[in-house]
$ cat input-v5.cif   # mmCIF, C-alpha atoms
data_start
#
loop_
_atom_site.label_atom_id
_atom_site.label_comp_id
_atom_site.auth_asym_id
_atom_site.auth_seq_id
_atom_site.Cartn_x
_atom_site.Cartn_y
_atom_site.Cartn_z
CA MET A 9 -69.48 -56.37 198.83
CA PRO A 10 -66.33 -54.39 199.00
CA ASP A 11 -65.45 -52.40 195.91
CA ARG A 12 -62.77 -53.75 193.63
CA LEU A 13 -59.52 -51.91 193.69
CA THR A 14 -58.56 -50.78 190.20
CA VAL A 15 -54.88 -50.09 189.71
CA GLN A 16 -54.05 -47.73 186.88
CA PRO A 17 -50.77 -48.49 185.04
CA SER A 18 -48.14 -45.99 185.73
CA PRO A 19 -46.77 -43.84 182.90
CA SER A 20 -43.35 -45.44 183.32
CA CYS A 21 -44.77 -48.93 182.60
CA GLN A 22 -46.58 -47.71 179.52
CA GLY A 23 -43.37 -46.19 178.19
CA SER A 24 -41.46 -49.38 178.81
CA SER A 25 -44.02 -51.47 176.87
CA ARG A 26 -43.87 -49.11 173.91
CA ARG A 27 -40.07 -49.30 173.89
CA GLN A 28 -40.15 -53.11 173.97
CA TRP A 29 -42.66 -53.23 171.10
CA ARG A 30 -40.55 -50.85 169.04
CA TYR A 31 -37.44 -52.90 169.84
CA HIS A 32 -39.05 -56.12 168.65
CA ALA A 33 -40.42 -54.43 165.53
CA ASP A 34 -36.98 -53.02 164.70
CA SER A 35 -35.38 -56.45 165.34
CA ASN A 36 -37.88 -58.14 162.99
CA ARG A 37 -37.16 -55.60 160.26
CA ASP A 38 -33.43 -56.03 160.70
CA GLY A 39 -33.75 -59.86 160.63
CA PHE A 40 -35.85 -59.74 157.45
CA ALA A 41 -33.35 -57.40 155.82
CA LEU A 42 -30.49 -59.74 156.78
CA VAL A 43 -32.32 -62.76 155.33
CA ALA A 44 -33.06 -60.82 152.16
CA VAL A 45 -29.40 -59.85 151.80
CA ILE A 46 -28.27 -63.46 152.34
CA TRP A 47 -30.76 -64.76 149.75
CA SER A 48 -29.69 -62.06 147.29
CA LEU A 49 -26.02 -62.93 147.71
CA GLY A 50 -26.80 -66.64 147.30
CA LEU A 51 -28.82 -65.95 144.15
CA ILE A 52 -26.07 -63.78 142.70
CA THR A 53 -23.51 -66.49 143.50
CA LEU A 54 -25.63 -69.16 141.79
CA LEU A 55 -26.13 -66.96 138.74
CA GLY A 56 -22.41 -66.31 138.56
CA MET A 57 -21.64 -70.02 138.78
CA ALA A 58 -24.22 -70.75 136.08
CA VAL A 59 -22.64 -68.16 133.80
CA MET A 60 -19.16 -69.62 134.35
CA VAL A 61 -20.32 -73.21 133.82
CA GLY A 62 -22.20 -72.18 130.69
CA ALA A 63 -19.19 -70.34 129.32
CA ARG A 64 -16.97 -73.31 130.05
CA TYR A 65 -19.44 -75.68 128.36
CA ARG A 66 -19.71 -73.45 125.30
CA THR A 67 -15.94 -73.22 125.09
CA ARG A 68 -15.58 -76.98 125.33
CA THR A 69 -18.35 -77.53 122.78
CA ALA A 70 -16.73 -75.08 120.37
CA SER A 71 -13.37 -76.78 120.86
CA ASN A 72 -14.87 -80.24 120.23
CA TYR A 73 -16.67 -78.98 117.14
CA ALA A 74 -13.50 -77.38 115.80
CA SER A 75 -11.60 -80.62 116.42
CA ALA A 76 -14.28 -82.66 114.66
CA VAL A 77 -14.25 -80.30 111.67
CA ALA A 78 -10.45 -80.49 111.52
CA ALA A 79 -10.59 -84.31 111.60
CA GLU A 80 -13.23 -84.35 108.85
CA THR A 81 -11.14 -82.02 106.69
CA ALA A 82 -8.06 -84.18 107.26
CA ALA A 83 -10.04 -87.30 106.27
CA GLU A 84 -11.16 -85.73 102.99
CA SER A 85 -7.58 -84.66 102.27
CA ALA A 86 -6.39 -88.20 102.94
CA VAL A 87 -9.00 -89.57 100.51
CA ASN A 88 -7.71 -87.19 97.85
CA LEU A 89 -4.19 -88.39 98.62
CA GLY A 90 -5.38 -91.95 97.97
CA ILE A 91 -6.96 -90.90 94.67
CA ALA A 92 -3.70 -89.25 93.60
CA ALA A 93 -1.78 -92.41 94.45
CA VAL A 94 -4.18 -94.57 92.42
CA LEU A 95 -4.11 -92.28 89.40
CA THR A 96 -0.32 -92.19 89.29
CA ARG A 97 -0.23 -95.94 90.02
CA VAL A 98 2.96 -95.61 92.03
CA THR A 99 3.63 -97.98 94.93
CA GLY A 100 6.96 -98.41 96.57
CA ALA A 101 8.88 -97.64 99.70
CA ASP A 102 7.16 -94.26 100.07
CA VAL A 103 3.58 -95.21 99.12
CA ARG A 104 2.13 -98.52 100.23
CA PHE A 105 -1.40 -99.36 101.21
CA PRO A 106 -2.68 -99.39 103.88
CA LEU A 107 -0.96 -96.02 104.06
CA ARG A 108 -0.16 -94.70 107.54
CA CYS A 109 0.99 -91.14 107.95
CA ARG A 110 0.53 -87.88 109.82
CA MET A 111 -1.41 -84.90 108.50
CA PRO A 112 -0.04 -81.32 108.82
CA GLY A 113 -2.38 -80.71 111.77
CA GLY A 114 -0.90 -83.67 113.65
CA GLU A 115 -3.78 -86.08 112.97
CA ARG A 116 -2.84 -89.69 112.42
CA VAL A 117 -4.41 -91.29 109.38
CA ILE A 118 -4.65 -94.71 107.80
CA VAL A 119 -5.77 -94.88 104.17
CA THR A 120 -7.00 -98.15 102.66
CA ILE A 121 -8.13 -99.02 99.14
CA GLU A 122 -10.81 -101.68 98.63
CA GLU A 123 -11.67 -103.06 95.20
CA GLU A 124 -15.42 -103.35 94.66
CA THR A 125 -14.95 -106.61 92.77
CA GLY A 126 -13.92 -108.17 96.06
CA LYS A 127 -17.30 -107.41 97.64
CA ILE A 128 -20.81 -108.83 97.42
CA ASP A 129 -22.90 -107.01 94.83
CA LEU A 130 -26.44 -106.41 96.03
CA ASN A 131 -27.65 -106.28 92.43
CA THR A 132 -25.98 -109.38 90.98
CA ALA A 133 -24.80 -111.69 93.78
CA SER A 134 -26.30 -115.18 93.78
CA ILE A 135 -28.83 -116.04 96.44
CA ALA A 136 -26.44 -118.72 97.73
CA ILE A 137 -23.72 -116.14 98.38
CA LEU A 138 -26.20 -113.71 99.94
CA THR A 139 -27.61 -116.41 102.20
CA ARG A 140 -24.17 -117.54 103.32
CA PHE A 141 -23.08 -113.99 103.99
CA PHE A 142 -26.09 -112.87 106.03
CA THR A 143 -26.26 -116.20 107.85
CA ALA A 144 -22.65 -115.69 108.94
CA LEU A 145 -23.42 -112.15 110.14
CA THR A 146 -26.67 -112.97 111.96
CA ARG A 147 -25.75 -116.53 113.00
CA ASP A 148 -29.31 -117.44 112.07
CA GLN A 149 -29.92 -119.60 109.00
CA SER A 150 -33.59 -118.69 108.61
CA LEU A 151 -32.99 -114.97 109.05
CA GLY A 152 -30.06 -115.00 106.63
CA ALA A 153 -32.14 -116.82 104.01
CA ARG A 154 -35.05 -114.42 104.50
CA ILE A 155 -32.86 -111.34 104.04
CA ALA A 156 -31.22 -112.85 100.95
CA GLY A 157 -34.64 -113.63 99.48
CA GLN A 158 -35.84 -110.06 100.03
CA ILE A 159 -32.75 -108.66 98.31
CA VAL A 160 -33.33 -110.90 95.29
CA ASP A 161 -37.05 -110.02 95.22
CA ARG A 162 -36.19 -106.33 95.18
CA ARG A 163 -34.29 -106.82 91.91
CA LYS A 164 -37.49 -107.72 90.05
CA PRO A 165 -38.80 -104.89 87.86
CA LYS A 166 -41.53 -102.85 89.50
CA PRO A 167 -44.83 -102.05 87.75
CA LYS A 168 -45.03 -98.63 86.12
CA ASP A 169 -47.46 -96.92 88.45
CA GLY A 170 -45.94 -93.48 88.11
CA ASN A 171 -45.07 -93.37 91.81
CA SER A 172 -42.39 -96.01 92.19
CA GLY A 173 -39.62 -93.80 90.86
CA ALA A 174 -37.82 -96.90 89.52
CA GLU A 175 -39.79 -97.59 86.34
CA ASN A 176 -36.77 -96.79 84.17
CA ALA A 177 -34.33 -98.83 86.28
CA PRO A 178 -33.11 -101.93 84.43
CA PRO A 179 -33.59 -105.34 86.06
CA GLY A 180 -30.76 -106.19 88.42
CA ALA A 181 -29.94 -102.56 89.23
CA SER A 182 -32.54 -101.72 91.85
CA PHE A 183 -29.88 -100.90 94.46
CA MET A 184 -28.33 -97.57 93.53
CA THR A 185 -26.27 -97.37 96.73
CA ILE A 186 -25.39 -99.67 99.58
CA MET A 187 -27.22 -97.25 101.90
CA GLN A 188 -30.49 -98.72 100.57
CA LEU A 189 -29.68 -101.99 102.30
CA ASP A 190 -31.31 -100.68 105.48
CA GLN A 191 -34.66 -100.72 103.64
CA ILE A 192 -34.67 -104.52 103.75
CA ASP A 193 -36.81 -106.02 106.50
CA GLY A 194 -34.62 -107.67 109.13
CA ILE A 195 -31.63 -105.36 108.58
CA THR A 196 -31.07 -103.72 111.95
CA GLN A 197 -28.70 -100.83 112.50
CA ARG A 198 -26.09 -103.17 113.97
CA LEU A 199 -26.42 -105.58 111.04
CA PHE A 200 -26.25 -102.75 108.52
CA ARG A 201 -23.05 -101.45 110.07
CA ALA A 202 -21.54 -104.94 110.01
CA ALA A 203 -22.51 -105.60 106.38
CA SER A 204 -21.76 -102.23 104.80
CA ARG A 205 -17.99 -102.85 104.54
CA PHE A 206 -18.54 -106.01 102.48
CA VAL A 207 -21.28 -105.06 100.00
CA THR A 208 -21.30 -102.99 96.83
CA VAL A 209 -23.46 -102.03 93.86
CA ARG A 210 -20.57 -101.61 91.40
CA SER A 211 -19.12 -105.11 91.00
CA GLY A 212 -21.49 -106.80 88.56
CA ARG A 213 -20.30 -110.24 89.70
CA PRO A 214 -22.39 -113.15 91.02
CA GLU A 215 -19.75 -113.72 93.70
CA PRO A 216 -16.79 -111.70 94.98
CA ASP A 217 -13.35 -111.97 93.41
CA ILE A 218 -11.42 -114.05 95.93
CA ASP A 219 -8.15 -112.31 95.01
CA ALA A 220 -9.63 -108.89 95.81
CA ALA A 221 -11.78 -109.91 98.79
CA SER A 222 -10.68 -108.89 102.26
CA PRO A 223 -9.58 -111.55 104.76
CA ALA A 224 -12.61 -110.72 106.91
CA LEU A 225 -15.02 -111.42 104.04
CA ARG A 226 -13.23 -114.66 103.21
CA ARG A 227 -13.70 -115.77 106.80
CA LEU A 228 -17.39 -114.93 106.71
CA LEU A 229 -17.93 -116.85 103.48
CA ASN A 230 -15.60 -119.66 104.58
CA LEU A 231 -13.43 -119.14 101.51
CA GLU A 232 -9.79 -120.05 101.10
CA GLN A 233 -7.52 -117.60 102.86
CA LYS A 234 -4.96 -116.12 100.51
CA THR A 235 -2.12 -113.70 101.02
CA VAL A 236 -2.54 -110.66 98.80
CA SER A 237 0.47 -110.41 96.55
CA ALA A 238 2.36 -107.16 96.52
CA ALA A 239 2.68 -107.56 92.75
CA ARG A 240 -1.09 -107.10 92.37
CA GLY A 241 -0.63 -103.36 92.70
CA LEU A 242 -3.33 -100.73 92.38
CA PRO A 243 -6.27 -101.15 90.00
CA ALA A 244 -6.19 -99.28 86.70
CA ALA A 245 -9.94 -99.37 86.10
CA GLY A 246 -13.16 -100.35 87.77
CA SER A 247 -14.56 -99.08 91.05
CA ILE A 248 -12.81 -98.80 94.39
CA THR A 249 -13.58 -97.48 97.86
CA ILE A 250 -10.95 -95.24 99.41
CA ARG A 251 -11.27 -95.10 103.18
CA ALA A 252 -9.49 -92.60 105.43
CA ASP A 253 -9.55 -93.20 109.19
CA VAL A 254 -8.33 -90.07 111.01
CA SER A 255 -7.55 -89.86 114.71
CA ALA A 256 -6.64 -86.53 116.35
CA SER A 257 -4.43 -86.08 119.40
CA ASP A 258 -7.39 -84.93 121.53
CA GLY A 259 -9.32 -88.13 120.81
CA ALA A 260 -11.50 -86.85 117.96
CA ARG A 261 -11.98 -89.39 115.18
CA PHE A 262 -13.53 -89.20 111.74
CA ILE A 263 -13.80 -91.80 108.99
CA ARG A 264 -14.50 -90.77 105.42
CA GLU A 265 -15.15 -93.12 102.50
CA ALA A 266 -15.36 -92.32 98.81
CA LEU A 267 -16.67 -94.65 96.11
CA VAL A 268 -14.54 -93.89 93.05
CA SER A 269 -14.88 -95.18 89.48
CA LEU A 270 -11.61 -95.16 87.54
CA ALA A 271 -11.17 -94.46 83.81
CA GLU A 272 -14.84 -94.05 83.07
CA ALA A 273 -16.70 -91.87 80.54
CA GLY A 274 -13.45 -90.40 79.24
CA ARG A 275 -12.45 -89.09 82.66
CA PRO A 276 -9.62 -90.36 84.84
CA TYR A 277 -11.97 -90.86 87.78
CA VAL A 278 -15.46 -90.09 89.04
CA VAL A 279 -16.39 -89.86 92.72
CA ARG A 280 -19.70 -91.71 92.86
CA GLU A 281 -20.47 -91.31 96.51
CA TRP A 282 -19.11 -89.82 99.73
CA ARG A 283 -19.92 -91.68 102.92
CA HIS A 284 -19.32 -91.24 106.64
CA GLY A 285 -17.54 -94.47 107.49
CA ASP A 286 -17.83 -96.63 110.57
CA VAL A 287 -15.11 -97.98 112.85
CA ASP A 288 -13.62 -101.12 111.35
CA SER A 289 -13.70 -103.78 114.07
CA THR A 290 -12.10 -106.32 111.70
CA SER A 291 -8.99 -104.28 110.99
CA GLN A 292 -5.77 -106.11 111.74
CA THR A 293 -3.66 -102.94 111.47
CA PRO A 294 -4.55 -100.52 114.29
CA LEU A 295 -3.37 -96.95 114.22
CA SER A 296 -1.01 -97.47 117.12
CA SER A 297 1.24 -99.99 115.37
CA ALA A 298 3.30 -100.26 112.22
CA ARG A 299 3.84 -103.70 110.78
CA ASP A 300 4.67 -105.40 107.50
CA GLY A 301 6.53 -102.37 106.22
CA ILE A 302 3.54 -100.03 106.49
CA GLN A 303 4.43 -96.45 107.18
CA ALA A 304 4.62 -95.36 110.80
CA PRO A 305 2.13 -92.67 111.83
CA GLY A 306 5.00 -90.23 112.36
CA ARG A 307 5.73 -89.88 108.65
CA PRO A 308 4.11 -86.85 107.00
CA CYS A 309 1.34 -87.68 104.53
CA PHE A 310 2.19 -84.92 102.11
CA GLY A 311 5.79 -86.02 101.97
CA ASN A 312 4.38 -89.20 100.49
CA ALA A 313 2.21 -87.14 98.17
CA ASP A 314 5.29 -85.26 96.93
CA ALA A 315 6.93 -88.61 96.24
CA VAL A 316 3.88 -89.72 94.27
CA ALA A 317 3.72 -86.50 92.28
CA SER A 318 7.38 -86.73 91.34
#
$ encode --input "input-v5.cif" --output "structure tokens"
Amino acid sequence: MPDRLTVQPSPSCQGSSRRQWRYHADSNRDGFALVAVIWSLGLITLLGMAVMVGARYRTRTASNYASAVAAETAAESAVNLGIAAVLTRVTGADVRFPLRCRMPGGERVIVTIEEETGKIDLNTASIAILTRFFTALTRDQSLGARIAGQIVDRRKPKPKDGNSGAENAPPGASFMTIMQLDQIDGITQRLFRAASRFVTVRSGRPEPDIDAASPALRRLLNLEQKTVSAARGLPAAGSITIRADVSASDGARFIREALVSLAEAGRPYVVREWRHGDVDSTSQTPLSSARDGIQAPGRPCFGNADAVAS
């Protein structure tokens, strides 16, 4: 057999291969470096956007919180304005309730006064009134009767077991606040919110005073609708709820209620309870209108207060 011819690579070919390998290696390193730079820039951009979005969110949250605090403060001031008006017992062209006015911060406010005698007392109302009321709210006769029965059963004195916490409570006074209504089985959050404006624990009456009851409660109980006389004026004694509904220009809203007892225990008034009120869906006097001689929202509240004080 003939010998195979072995061709040795020339030095020039070997040099060319080494140069190509080095070229590809350098290209790979450059490509990796470019990708790393692009990823780094993208990451830095995302981090920067996250920081900006976070700062904007914190700024907006702080602004909303400040607005809510301002609305809450305005609501408490409006409640105190209502207390001052009741104590001075002045109603006229400058002070009429519902009172609509504007707070110094620009918030619009509507202040209403509700007599507790015109509400349903959880401690003393008859089972017939309770049944009619909760049946009207739930539109369910059996559910309304069951809730009324549970409220009446709760009034019964509890045995002295040392753990009830109500062993010294007299019969008929088991409800210390209307907030305890949500402890009754069948009272949902929606039902509690609907009922809270019409119930009390400070009336002592078996049925609400029709002259002091709100038109919405009269409709629920199917009572005779009556026009509240302007001559009735503000109460001189008893318990009332003063409600301040504040609406800010940026949309923030806060409702504050205060249960106030007048001329009691030798003091002109006692604030029994502060509550965070709910939006009144039955109101016939929205903030955006002024009817029946009620003050327009553009009038300053503390101008009215000065008129009361004088």
$ closest_residue --input "input-v5.cif" --among "A:Leu231, A:Ala224, A:Ala153, A:Val59" --to "A:Ser134" --atoms "all atoms listed in the file"
A:Ala153
$ resolve_selection --input "input-v5.cif" --expression "the PyMOL selection byres ((chain A and resi 124) around 8)" --output "count of residues only"
12
$ closest_residue --input "input-v5.cif" --among "A:Val61, A:Ala86, A:Leu228, A:Pro243" --to "A:Thr139" --atoms "only C-alpha atoms"
A:Leu228
$ atom_distance --input "input-v5.cif" --atom1 "atom CA of A:Arg275" --atom2 "atom CA of A:Ile121"
19.7 Å
$ resolve_selection --input "input-v5.cif" --expression "the PyMOL selection byres ((chain A and resi 77) around 12)" --output "number ranges by chain"
A: 70-76, 78-84, 113, 254, 256, 260-263
$ closest_residue --input "input-v5.cif" --among "A:Ala220, A:Ile186, A:Leu199, A:Cys109" --to "A:Trp282" --atoms "only C-alpha atoms"
A:Ile186
$ resolve_selection --input "input-v5.cif" --expression "the PyMOL selection byres ((chain A and resi 201) around 12)" --output "count of residues only"
23
$ atom_distance --input "input-v5.cif" --atom1 "atom CA of A:Tyr277" --atom2 "atom CA of A:Leu130"
22.8 Å
$ residues_around --input "input-v5.cif" --residues "A:Arg251" --least-positions-apart "2" --cutoff "6 Å" --atoms "only C-alpha atoms" --output "list of chain:residue names"
A:Val119, A:Thr120, A:Arg264, A:Glu265
$ atom_distance --input "input-v5.cif" --atom1 "atom CA of A:Leu242" --atom2 "atom CA of A:Ala133"
24.1 Å
$ closest_residue --input "input-v5.cif" --among "A:Pro276, A:Gly259, A:Leu55, A:Ser150" --to "A:Thr96" --atoms "all atoms listed in the file"
A:Pro276
